[in-house]
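Visitor: My questions all concern the structure below.
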Amino acid sequence: MDSSKASLLAAVTAQQDHLVTILSRLVAFETVSPPARNTIGVQQYVANQLTEAGATVNQQPFYEQDRLLSAVLRGSNHMHYQSLILNGHVDVAALTDADKWETDPFTLTQEADQLFGRGVSDMKGAMACFIYLAYLLKQQGITLPGDLIFQSVVGEEAGEAGTKTLLKQGETADFAIVGDTSNLTFQGQGGVVTGWITLRSPHTYHDGNRVNMLRAGGGLKAASMVEKNAGDH
């Protein structure tokens, strides 16, 4: 395995032009959100690349003209080795500052060692890396012992829970890497527990009325979630 790792790392460096080509193709898809509803093309490109790399790919509708994609490179001994998800989104932030761009946002542009294009850092750059990894594993003839799962989702920019949809369908792994912008640092996450509190009140008021709900003689009787969260009042 050490020799395979060395050859893979060498290939990562030697074939970076191919990585840039993948990123260029991804950036060319205008998948801004909002308005969203525009990811079928890019997801089909991702699907084609992962299929060529030997992965089993599944796509499913997610809102009109949007799709979720998941794929797996099955490990040679996956029942006894841990699995890993590589997760990313292909929607990019809305282009509200188009007049400030000096280049076409949907044409990858290189200046010295920097690459410019809409969504390069958030997060088509990581998606390109995931595809590049699958390509190199196939090229180098490397089969991992555990499952490697790819998730290409949409809805991140608008909070539409593409990743949550896949997880609720049972698509999980022992570990996951989300390749979003992080200034090249790993940020660990042990998990999140979210609780929901329903507060019933006969009336709902703007928070500007808070002072009249709290003081004697204010004239308003209602429940304040802020106050209830801080303690019993």
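Residue numbering restarts at 1 in every chain; chains get A, B, ... in the order shown in the structure tokens, and ligands count up from 1 in that same order.
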Leaving out Val154 (chain A) and any residue of its chain fewer than 4 positions from it, which residues lie within 6 Å of it when counting only C-alpha atoms, given as a list of chain:residue names?
Guide: A:His89, A:Val90, A:Asp91, A:Gly162
Visitor: For the structure I just gave you, how does DSSP split region 69-226 of chain A - specifically, which residues are helix (DSSP H, G or I)? Reply as a CSV table (one decimal) with C-alpha atoms, in the first residue's frame.
Guide:
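Okay, this is what ended up in selection35.csv:
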chain,number,residue,atom,x,y,z
A,98,ALA,CA,-21.2,41.1,-11.7
A,99,ASP,CA,-20.1,44.7,-12.5
A,100,LYS,CA,-17.0,44.3,-10.2
A,120,VAL,CA,-14.0,28.2,-7.4
A,121,SER,CA,-13.6,28.3,-3.6
A,122,ASP,CA,-17.2,27.7,-2.7
A,123,MET,CA,-17.1,25.0,-3.7
A,124,LYS,CA,-16.4,23.8,-7.2
A,125,GLY,CA,-12.7,23.6,-6.5
A,126,ALA,CA,-13.3,20.9,-3.9
A,127,MET,CA,-15.7,19.1,-6.3
A,128,ALA,CA,-13.0,19.1,-9.0
A,129,CYS,CA,-10.6,17.6,-6.5
A,130,PHE,CA,-13.0,14.8,-5.6
A,131,ILE,CA,-13.5,13.9,-9.3
A,132,TYR,CA,-9.7,14.2,-9.9
A,133,LEU,CA,-9.1,11.7,-7.0
A,134,ALA,CA,-11.6,9.2,-8.5
A,135,TYR,CA,-9.8,9.6,-11.9
A,136,LEU,CA,-6.4,9.0,-10.4
A,137,LEU,CA,-7.4,6.0,-8.4
A,138,LYS,CA,-8.7,4.4,-11.6
A,139,GLN,CA,-5.6,5.4,-13.6
A,162,GLY,CA,-29.6,18.5,-0.2
A,163,THR,CA,-27.1,16.7,2.1
A,164,LYS,CA,-29.8,16.1,4.7
A,165,THR,CA,-32.0,14.5,2.1
A,166,LEU,CA,-29.3,11.9,1.3
A,167,LEU,CA,-28.6,11.2,5.0
A,168,LYS,CA,-32.3,10.7,5.8
A,207,ASP,CA,-39.6,42.3,19.3
A,208,GLY,CA,-39.8,46.1,19.4
A,209,ASN,CA,-42.7,45.6,21.8
A,210,ARG,CA,-40.5,43.6,24.2
A,211,VAL,CA,-40.2,46.4,26.7
A,212,ASN,CA,-44.0,46.6,27.0
A,213,MET,CA,-44.3,42.8,27.6
A,214,LEU,CA,-41.7,42.9,30.4
A,225,MET,CA,-38.9,33.2,23.4
A,226,VAL,CA,-35.8,35.2,24.3
Visitor: Counting only C-alpha atoms, which residue out of A:Thr172, A:Thr103, A:Thr181, A:Ser70 sits closest to Thr56 (chain A)?
Guide: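 Nearest candidate to Thr56 (chain A) out of A:Thr172, A:Thr103, A:Thr181, A:Ser70: A:Ser70.
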Visitor: Name the residues of region 9-232 of chain A that come out as strand (DSSP E) in a backbone DSSP run; write them as JSON, numbers by chain.
Guide: {"A": [32, 33, 56, 57, 58, 59, 60, 61, 67, 68, 69, 70, 71, 72, 73, 84, 85, 86, 87, 88, 89, 92, 93, 109, 110, 111, 114, 115, 116, 148, 149, 150, 151, 152, 153, 175, 176, 177, 178]}
Visitor: For the residues in the current selection, export N, CA and C atoms as a tab-separated table (two decimals), in the first residue's frame.
Guide:
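The resulting file, result24.tsv, is shown below:
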chain	number	residue	atom	x	y	z
A	32	VAL	N	-25.93	29.36	-10.33
A	32	VAL	CA	-26.12	30.31	-9.24
A	32	VAL	C	-27.44	30.05	-8.52
A	33	SER	N	-27.42	30.29	-7.21
A	33	SER	CA	-28.61	30.08	-6.38
A	33	SER	C	-28.68	31.17	-5.32
A	56	THR	N	-20.25	3.51	-9.07
A	56	THR	CA	-21.67	3.29	-9.29
A	56	THR	C	-22.40	4.57	-8.91
A	57	VAL	N	-23.12	5.15	-9.87
A	57	VAL	CA	-23.67	6.50	-9.69
A	57	VAL	C	-25.20	6.45	-9.66
A	58	ASN	N	-25.76	7.25	-8.77
A	58	ASN	CA	-27.22	7.38	-8.69
A	58	ASN	C	-27.58	8.86	-8.66
A	59	GLN	N	-28.56	9.24	-9.49
A	59	GLN	CA	-29.08	10.60	-9.47
A	59	GLN	C	-30.57	10.55	-9.13
A	60	GLN	N	-31.03	11.62	-8.48
A	60	GLN	CA	-32.45	11.70	-8.16
A	60	GLN	C	-32.92	13.14	-8.26
A	61	PRO	N	-34.18	13.37	-8.65
A	61	PRO	CA	-34.71	14.73	-8.74
A	61	PRO	C	-34.71	15.41	-7.37
A	67	ARG	N	-30.85	18.26	-9.31
A	67	ARG	CA	-30.66	16.86	-8.98
A	67	ARG	C	-29.67	16.70	-7.84
A	68	LEU	N	-29.85	15.62	-7.10
A	68	LEU	CA	-28.86	15.17	-6.12
A	68	LEU	C	-28.14	13.98	-6.72
A	69	LEU	N	-26.84	13.88	-6.45
A	69	LEU	CA	-26.05	12.78	-6.99
A	69	LEU	C	-25.25	12.12	-5.88
A	70	SER	N	-25.24	10.81	-5.88
A	70	SER	CA	-24.37	10.06	-4.98
A	70	SER	C	-23.72	8.93	-5.77
A	71	ALA	N	-22.52	8.58	-5.38
A	71	ALA	CA	-21.78	7.54	-6.10
A	71	ALA	C	-20.88	6.81	-5.11
A	72	VAL	N	-20.52	5.59	-5.44
A	72	VAL	CA	-19.66	4.83	-4.54
A	72	VAL	C	-18.62	4.04	-5.32
A	73	LEU	N	-17.41	4.12	-4.85
A	73	LEU	CA	-16.35	3.20	-5.28
A	73	LEU	C	-16.26	2.13	-4.20
A	84	LEU	N	-15.79	6.28	3.86
A	84	LEU	CA	-15.58	7.73	3.87
A	84	LEU	C	-16.48	8.38	2.82
A	85	ILE	N	-17.15	9.45	3.21
A	85	ILE	CA	-17.93	10.27	2.28
A	85	ILE	C	-17.14	11.52	1.94
A	86	LEU	N	-17.08	11.84	0.65
A	86	LEU	CA	-16.57	13.12	0.18
A	86	LEU	C	-17.79	13.91	-0.28
A	87	ASN	N	-18.11	14.96	0.43
A	87	ASN	CA	-19.36	15.69	0.20
A	87	ASN	C	-19.09	17.10	-0.28
A	88	GLY	N	-19.88	17.51	-1.28
A	88	GLY	CA	-19.77	18.88	-1.76
A	88	GLY	C	-21.02	19.32	-2.49
A	89	HIS	N	-21.13	20.63	-2.74
A	89	HIS	CA	-22.30	21.15	-3.45
A	89	HIS	C	-21.86	21.86	-4.74
A	92	VAL	N	-23.73	27.67	-6.57
A	92	VAL	CA	-22.83	28.76	-6.16
A	92	VAL	C	-23.67	29.98	-5.81
A	93	ALA	N	-23.06	30.90	-5.08
A	93	ALA	CA	-23.77	32.09	-4.62
A	93	ALA	C	-24.21	32.95	-5.80
A	109	THR	N	-10.25	31.52	-15.12
A	109	THR	CA	-9.13	32.38	-15.52
A	109	THR	C	-7.98	32.20	-14.55
A	110	GLN	N	-6.78	32.03	-15.08
A	110	GLN	CA	-5.60	31.84	-14.25
A	110	GLN	C	-4.70	33.06	-14.34
A	111	GLU	N	-4.33	33.57	-13.19
A	111	GLU	CA	-3.36	34.65	-13.09
A	111	GLU	C	-2.29	34.23	-12.09
A	114	GLN	N	-3.06	31.77	-9.14
A	114	GLN	CA	-4.43	31.91	-8.66
A	114	GLN	C	-5.43	31.64	-9.79
A	115	LEU	N	-6.55	31.03	-9.41
A	115	LEU	CA	-7.62	30.72	-10.35
A	115	LEU	C	-8.86	31.51	-9.97
A	116	PHE	N	-9.51	32.11	-10.97
A	116	PHE	CA	-10.69	32.93	-10.73
A	116	PHE	C	-11.87	32.38	-11.52
A	148	LEU	N	-15.56	4.30	-0.73
A	148	LEU	CA	-15.39	5.74	-0.91
A	148	LEU	C	-16.66	6.25	-1.58
A	149	ILE	N	-17.37	7.13	-0.89
A	149	ILE	CA	-18.68	7.60	-1.34
A	149	ILE	C	-18.59	9.07	-1.72
A	150	PHE	N	-19.15	9.40	-2.86
A	150	PHE	CA	-19.17	10.79	-3.33
A	150	PHE	C	-20.60	11.32	-3.25
A	151	GLN	N	-20.76	12.51	-2.70
A	151	GLN	CA	-22.06	13.17	-2.66
A	151	GLN	C	-21.93	14.54	-3.31
A	152	SER	N	-22.66	14.74	-4.39
A	152	SER	CA	-22.69	16.03	-5.08
A	152	SER	C	-24.11	16.57	-4.92
A	153	VAL	N	-24.26	17.55	-4.05
A	153	VAL	CA	-25.60	18.01	-3.68
A	153	VAL	C	-25.84	19.43	-4.18
A	175	PHE	N	-16.92	8.15	8.33
A	175	PHE	CA	-16.34	9.49	8.35
A	175	PHE	C	-16.80	10.24	7.12
A	176	ALA	N	-16.69	11.57	7.17
A	176	ALA	CA	-17.04	12.39	6.01
A	176	ALA	C	-16.13	13.61	5.96
A	177	ILE	N	-15.80	14.01	4.75
A	177	ILE	CA	-15.07	15.26	4.52
A	177	ILE	C	-15.95	16.14	3.65
A	178	VAL	N	-16.26	17.33	4.17
A	178	VAL	CA	-16.99	18.33	3.39
A	178	VAL	C	-15.95	19.34	2.91
Visitor: Would you mind reading off the distance between CA of Gly41 (chain A) and CA of Asp66 (chain A), one decimal, in Å?
Guide: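 Interatomic distance here is 9.0 Å.
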Visitor: Quick one: residues within 8 Å of Gln82 (chain A), only C-alpha atoms, excluding same-chain residues fewer than 3 positions away - as a short mmCIF file (atom, residue, chain, number, x, y, z; two decimals) with all heavy atoms, in the first residue's frame?
Guide:
data_model
loop_
_atom_site.label_atom_id
_atom_site.label_comp_id
_atom_site.auth_asym_id
_atom_site.auth_seq_id
_atom_site.Cartn_x
_atom_site.Cartn_y
_atom_site.Cartn_z
N HIS A 78 -14.94 -4.10 2.05
CA HIS A 78 -15.70 -3.02 2.67
C HIS A 78 -16.45 -3.46 3.93
O HIS A 78 -16.81 -2.61 4.76
CB HIS A 78 -16.69 -2.42 1.66
CG HIS A 78 -17.71 -3.38 1.16
ND1 HIS A 78 -18.95 -3.50 1.74
CD2 HIS A 78 -17.68 -4.29 0.14
CE1 HIS A 78 -19.65 -4.41 1.09
NE2 HIS A 78 -18.90 -4.91 0.12
N GLY A 146 -11.88 0.04 1.91
CA GLY A 146 -13.19 0.50 2.36
C GLY A 146 -13.91 1.28 1.27
O GLY A 146 -13.30 1.68 0.27
N ASP A 147 -15.19 1.52 1.47
CA ASP A 147 -15.99 2.26 0.49
C ASP A 147 -15.63 3.74 0.48
O ASP A 147 -15.43 4.36 1.53
CB ASP A 147 -17.48 2.13 0.80
CG ASP A 147 -18.02 0.73 0.55
OD1 ASP A 147 -17.34 -0.05 -0.15
OD2 ASP A 147 -19.12 0.41 1.06
N ALA A 173 -21.74 7.09 6.42
CA ALA A 173 -20.43 6.44 6.42
C ALA A 173 -19.80 6.64 7.79
O ALA A 173 -20.34 7.35 8.65
CB ALA A 173 -19.54 7.03 5.32
N ASP A 174 -18.64 6.02 7.98
CA ASP A 174 -17.95 6.16 9.26
C ASP A 174 -17.37 7.56 9.43
O ASP A 174 -17.33 8.10 10.54
CB ASP A 174 -16.83 5.12 9.37
CG ASP A 174 -17.37 3.70 9.37
OD1 ASP A 174 -18.09 3.35 10.32
OD2 ASP A 174 -17.10 2.95 8.42
N PHE A 175 -16.92 8.15 8.33
CA PHE A 175 -16.34 9.49 8.35
C PHE A 175 -16.80 10.24 7.12
O PHE A 175 -17.23 9.64 6.13
CB PHE A 175 -14.81 9.44 8.38
CG PHE A 175 -14.23 8.73 9.57
CD1 PHE A 175 -13.87 7.39 9.48
CD2 PHE A 175 -14.07 9.39 10.78
CE1 PHE A 175 -13.35 6.72 10.58
CE2 PHE A 175 -13.55 8.73 11.88
CZ PHE A 175 -13.19 7.39 11.79
#
